[in-house]
Every structure is written in C-alpha cells, then in structure tokens.
Amino acid sequence: MGLDIFLLVLAIVLVILGTIGCVVPILPGAPLAWFGLLAAFFCSFCDISVVSLVITGILSALVSVLDNLAPIYLTSKTGGTKWGSWGVTIGLILGFFAGPLGIIICPFLGALAGELLYDSKDKKRAFKSACGAFLGFLTGIGIKLACCFVIIICLIRSFF
C-alpha cells in the first residue's frame with residue numbers, strides 16, 4: 001500500500017514536471033512525463049496496458065528527436081544560422097525569468113539578436129531567420145505539449 005502511494009505520487013509529480021518541461025529548456029518534457037506513466041504502470045491503483053506504455057514511449061522518443069530537429073530545419077529553411085538557434089535558447093532561459101510573456105517574446109528577440117550578431121548588415125535576413133528559429137521553437141513546444149497531453153489522458157484513464 002505504501003509503495004503504491006509512493007508510485008502514484010511519483011507518477012503525478014513526473015507528469016507535471018514533464019509538462020512544465022515542455023516550455024523549460026532544462027527539463028526533458030515528454031520523456032519525463034513518460035517516466036511518470038511508467039511509475040503509474042507499477043502502481044496497483046492504475047491500470048495501464050503494456051501497449052499504451054510502449055506507444056507513448058515511442059511517441060515520447062519521437063517527439064524528443066523532432067523537438068531537436070524542428071528548430072534546426074525551420075531555421076535553415078529561412079536562411080538562419082546556429083547563432084539564431086543559440087539566441088532562441090538563451091532568449092528562452094532569460095524569458096523564463098521574465099514571466100509568461102517573456103517566455104514568448106524573449107526567444108524571438110534572442111534569435112534576432114543572434115542573427116544580428118552573426119551578420120548585422122542584413123537585417124531583413126536576420127528577421128526572416130529569427131522568425132524561422134522562433135517558429136521551430138514553437139513547433140517543438142507544441143509537439144511536446146501534445147505528447148504530454150496524451151500521457152495525461154492515459155494516466156487519468158488508468159483510474160477508471
């Protein structure tokens with residue numbers, strides 16, 4: 001009984017941290033949430049099938065790969081550089097301390113600053129590539145949130 005309660009609390013905490021990790025760059029969002037589902041799998045209060053666990057595990061791994069590839073792809077498609085990608089990351093970290101609006105605005109400003117540091121003469125290209133880097137960042141957040149939503153649904157359904 002005590003182990004079941006521990007596993008259930010661990011599962012809920014990991015799913016919450018995983019969902020937060022969708023926007024916080026330090027935490028691995030989808031994998032962390034999946035480990036929460038794995039903890040719930042071993043809890044007698046929850047009824048999670050092996051199939052659900054495997055599918056969400058594959059989904060989490062795929063989302064983690066796509067989360068890293070989307071910003072690179074969209075940045076390169078819009079003429080961006082690694083400077084813009086690094087700017088998005090630094091902007092996100094700084095934006096985290098600036099509140100909810102900062103999490104949205106700072107990554108774009110960081111990408112723009114990175115691109116302007118790379119080539120300050122071509123402002124139009126810098127703006128276009130900053131938009132691509134920011135779009136890649138938003139795409140990554142979107143797919144991580146969607147994956148965590150699926151995991152949350154699986155966890156909630158396991159109680160019924």
# chains A, B, ... in the order shown; residues from 1 in each chain; ligands from 1
$ residues_around --residues "range 71-85 of chain A" --least-positions-apart "4" --cutoff "8 Å" --atoms "only C-alpha atoms" --output "PyMOL selection string"
chain A and resi 67+89+110-115+117-118+125-126+128-137+139-140
$ write_last_selection --atoms "N, CA and C atoms" --output "compact mmCIF listing (two decimals), in the first residue's frame"
# COMPACT_ATOMS: atom_id res chain seq x y z
N ASP A 67 11.72 17.50 -31.59
CA ASP A 67 11.91 18.75 -30.86
C ASP A 67 13.30 19.33 -31.15
N THR A 89 17.55 29.78 -27.64
CA THR A 89 17.75 29.08 -26.36
C THR A 89 18.07 30.06 -25.24
N GLY A 110 15.88 36.82 -28.82
CA GLY A 110 17.18 36.16 -28.76
C GLY A 110 17.65 35.68 -30.12
N ALA A 111 16.72 35.11 -30.90
CA ALA A 111 17.06 34.66 -32.25
C ALA A 111 17.45 35.84 -33.12
N LEU A 112 16.71 36.91 -33.00
CA LEU A 112 17.03 38.11 -33.78
C LEU A 112 18.39 38.67 -33.39
N ALA A 113 18.65 38.73 -32.09
CA ALA A 113 19.95 39.23 -31.62
C ALA A 113 21.08 38.33 -32.10
N GLY A 114 20.87 37.01 -32.05
CA GLY A 114 21.89 36.07 -32.52
C GLY A 114 22.19 36.25 -34.00
N GLU A 115 21.14 36.40 -34.79
CA GLU A 115 21.33 36.59 -36.23
C GLU A 115 21.99 37.94 -36.53
N LEU A 117 24.06 39.48 -34.53
CA LEU A 117 25.46 39.34 -34.14
C LEU A 117 26.25 38.61 -35.23
N TYR A 118 25.61 37.67 -35.89
CA TYR A 118 26.26 36.93 -36.97
C TYR A 118 26.49 37.83 -38.18
N ARG A 125 17.33 39.53 -43.64
CA ARG A 125 17.63 38.11 -43.50
C ARG A 125 17.61 37.71 -42.03
N ALA A 126 18.15 38.58 -41.18
CA ALA A 126 18.17 38.29 -39.74
C ALA A 126 16.75 38.16 -39.20
N LYS A 128 14.00 37.41 -40.94
CA LYS A 128 13.38 36.23 -41.52
C LYS A 128 13.88 34.95 -40.83
N SER A 129 15.17 34.84 -40.60
CA SER A 129 15.70 33.64 -39.96
C SER A 129 15.32 33.58 -38.49
N ALA A 130 15.19 34.74 -37.84
CA ALA A 130 14.72 34.76 -36.45
C ALA A 130 13.28 34.25 -36.38
N CYS A 131 12.47 34.62 -37.37
CA CYS A 131 11.09 34.10 -37.42
C CYS A 131 11.10 32.58 -37.60
N GLY A 132 12.00 32.07 -38.44
CA GLY A 132 12.10 30.63 -38.64
C GLY A 132 12.54 29.91 -37.38
N ALA A 133 13.53 30.47 -36.70
CA ALA A 133 14.01 29.86 -35.45
C ALA A 133 12.91 29.87 -34.40
N PHE A 134 12.19 30.96 -34.32
CA PHE A 134 11.10 31.07 -33.35
C PHE A 134 9.96 30.11 -33.69
N LEU A 135 9.66 29.97 -34.97
CA LEU A 135 8.62 29.03 -35.40
C LEU A 135 9.03 27.59 -35.06
N GLY A 136 10.30 27.29 -35.24
CA GLY A 136 10.80 25.96 -34.87
C GLY A 136 10.69 25.72 -33.38
N PHE A 137 10.98 26.74 -32.60
CA PHE A 137 10.86 26.66 -31.14
C PHE A 137 9.40 26.42 -30.75
N THR A 139 7.05 25.11 -32.62
CA THR A 139 6.68 23.78 -33.09
C THR A 139 7.13 22.72 -32.09
N GLY A 140 8.34 22.87 -31.59
CA GLY A 140 8.86 21.93 -30.59
C GLY A 140 8.00 21.92 -29.34
$ closest_atom_pairs --of "range 40-66 of chain A" --to "range 13-32 of chain A" --cutoff "8 Å" --atoms "only C-alpha atoms" --output "Markdown table"
| residue | atom | partner | partner_atom | distance |
| --- | --- | --- | --- | --- |
| A:Gly57 | CA | A:Pro31 | CA | 7.7 |
| A:Ser60 | CA | A:Ala30 | CA | 5.2 |
| A:Ala61 | CA | A:Pro31 | CA | 7.0 |
| A:Val63 | CA | A:Ala30 | CA | 7.2 |
| A:Ser64 | CA | A:Ala30 | CA | 7.0 |
$ residues_around --residues "Val54 in chain A" --least-positions-apart "2" --cutoff "12 Å" --atoms "only C-alpha atoms" --output "ChimeraX atom specification"
/A:34-35,37-38,41,48-52,56-61,151,154
$ write_last_selection --atoms "C-alpha atoms" --output "PDB file, in the first residue's frame"
ATOM      1  CA  TRP A  34       6.553   9.131 -19.815  1.00  0.00           C
ATOM      2  CA  PHE A  35       8.597   8.029 -16.798  1.00  0.00           C
ATOM      3  CA  LEU A  37       3.405   6.922 -16.741  1.00  0.00           C
ATOM      4  CA  LEU A  38       5.920   4.119 -16.218  1.00  0.00           C
ATOM      5  CA  PHE A  41       2.219   1.265 -14.576  1.00  0.00           C
ATOM      6  CA  ILE A  48      -2.156   0.962 -17.831  1.00  0.00           C
ATOM      7  CA  SER A  49      -1.681  -1.542 -20.630  1.00  0.00           C
ATOM      8  CA  VAL A  50       1.726  -2.521 -21.943  1.00  0.00           C
ATOM      9  CA  VAL A  51       0.569  -1.415 -25.395  1.00  0.00           C
ATOM     10  CA  SER A  52      -0.230   2.097 -24.105  1.00  0.00           C
ATOM     11  CA  THR A  56       3.594   6.517 -25.508  1.00  0.00           C
ATOM     12  CA  GLY A  57       7.264   5.570 -25.048  1.00  0.00           C
ATOM     13  CA  ILE A  58       7.831   5.521 -28.802  1.00  0.00           C
ATOM     14  CA  LEU A  59       5.873   8.773 -29.116  1.00  0.00           C
ATOM     15  CA  SER A  60       7.999  10.397 -26.393  1.00  0.00           C
ATOM     16  CA  ALA A  61      11.231   9.323 -28.082  1.00  0.00           C
ATOM     17  CA  ILE A 151       0.270  10.839 -21.464  1.00  0.00           C
ATOM     18  CA  CYS A 154      -3.564   7.754 -20.376  1.00  0.00           C
TER      19      CYS A 154
END
$ residues_around --residues "Ile105 in chain A" --least-positions-apart "6" --cutoff "10 Å" --atoms "only C-alpha atoms" --output "VMD selection string"
chain A and resid 88 91 to 92 95 98 134
$ atom_distance --atom1 "CA of Ile103 in chain A" --atom2 "CA of Leu145 in chain A"
15.0 Å
$ closest_residue --among "A:Ile55, A:Ala70, A:Asp4, A:Phe149" --to "Phe42 in chain A" --atoms "only C-alpha atoms"
A:Asp4
$ closest_residue --among "A:Gly36, A:Asp119, A:Cys43, A:Lys124" --to "Gly2 in chain A" --atoms "only C-alpha atoms"
A:Cys43
$ atom_distance --atom1 "CA of Leu66 in chain A" --atom2 "CA of Cys147 in chain A"
11.7 Å
$ decode --residues "range 127-138 of chain A" --atoms "N, CA, C and O atoms" --output "PDB file, in the first residue's frame"
ATOM      1  N   PHE A 127      15.867  39.047 -39.604  1.00  0.00           N
ATOM      2  CA  PHE A 127      14.480  38.986 -39.140  1.00  0.00           C
ATOM      3  C   PHE A 127      13.788  37.720 -39.657  1.00  0.00           C
ATOM      4  O   PHE A 127      13.089  37.038 -38.908  1.00  0.00           O
ATOM      5  N   LYS A 128      14.001  37.413 -40.942  1.00  0.00           N
ATOM      6  CA  LYS A 128      13.383  36.227 -41.521  1.00  0.00           C
ATOM      7  C   LYS A 128      13.879  34.951 -40.830  1.00  0.00           C
ATOM      8  O   LYS A 128      13.096  34.065 -40.493  1.00  0.00           O
ATOM      9  N   SER A 129      15.171  34.844 -40.596  1.00  0.00           N
ATOM     10  CA  SER A 129      15.697  33.643 -39.961  1.00  0.00           C
ATOM     11  C   SER A 129      15.319  33.584 -38.487  1.00  0.00           C
ATOM     12  O   SER A 129      15.111  32.490 -37.935  1.00  0.00           O
ATOM     13  N   ALA A 130      15.188  34.739 -37.839  1.00  0.00           N
ATOM     14  CA  ALA A 130      14.716  34.757 -36.448  1.00  0.00           C
ATOM     15  C   ALA A 130      13.281  34.251 -36.382  1.00  0.00           C
ATOM     16  O   ALA A 130      12.913  33.512 -35.459  1.00  0.00           O
ATOM     17  N   CYS A 131      12.470  34.615 -37.367  1.00  0.00           N
ATOM     18  CA  CYS A 131      11.093  34.097 -37.425  1.00  0.00           C
ATOM     19  C   CYS A 131      11.100  32.581 -37.603  1.00  0.00           C
ATOM     20  O   CYS A 131      10.313  31.869 -36.972  1.00  0.00           O
ATOM     21  N   GLY A 132      11.995  32.075 -38.441  1.00  0.00           N
ATOM     22  CA  GLY A 132      12.099  30.629 -38.643  1.00  0.00           C
ATOM     23  C   GLY A 132      12.544  29.909 -37.380  1.00  0.00           C
ATOM     24  O   GLY A 132      11.997  28.862 -37.020  1.00  0.00           O
ATOM     25  N   ALA A 133      13.532  30.468 -36.697  1.00  0.00           N
ATOM     26  CA  ALA A 133      14.012  29.864 -35.449  1.00  0.00           C
ATOM     27  C   ALA A 133      12.907  29.866 -34.397  1.00  0.00           C
ATOM     28  O   ALA A 133      12.702  28.886 -33.677  1.00  0.00           O
ATOM     29  N   PHE A 134      12.190  30.965 -34.321  1.00  0.00           N
ATOM     30  CA  PHE A 134      11.104  31.066 -33.346  1.00  0.00           C
ATOM     31  C   PHE A 134       9.964  30.107 -33.690  1.00  0.00           C
ATOM     32  O   PHE A 134       9.391  29.465 -32.820  1.00  0.00           O
ATOM     33  N   LEU A 135       9.662  29.970 -34.971  1.00  0.00           N
ATOM     34  CA  LEU A 135       8.624  29.028 -35.396  1.00  0.00           C
ATOM     35  C   LEU A 135       9.033  27.589 -35.063  1.00  0.00           C
ATOM     36  O   LEU A 135       8.209  26.785 -34.620  1.00  0.00           O
ATOM     37  N   GLY A 136      10.302  27.285 -35.243  1.00  0.00           N
ATOM     38  CA  GLY A 136      10.802  25.962 -34.870  1.00  0.00           C
ATOM     39  C   GLY A 136      10.694  25.722 -33.378  1.00  0.00           C
ATOM     40  O   GLY A 136      10.320  24.633 -32.930  1.00  0.00           O
ATOM     41  N   PHE A 137      10.983  26.739 -32.598  1.00  0.00           N
ATOM     42  CA  PHE A 137      10.859  26.661 -31.144  1.00  0.00           C
ATOM     43  C   PHE A 137       9.401  26.416 -30.752  1.00  0.00           C
ATOM     44  O   PHE A 137       9.102  25.535 -29.939  1.00  0.00           O
ATOM     45  N   LEU A 138       8.475  27.149 -31.346  1.00  0.00           N
ATOM     46  CA  LEU A 138       7.044  26.959 -31.048  1.00  0.00           C
ATOM     47  C   LEU A 138       6.553  25.586 -31.492  1.00  0.00           C
ATOM     48  O   LEU A 138       5.746  24.967 -30.808  1.00  0.00           O
TER      49      LEU A 138
END
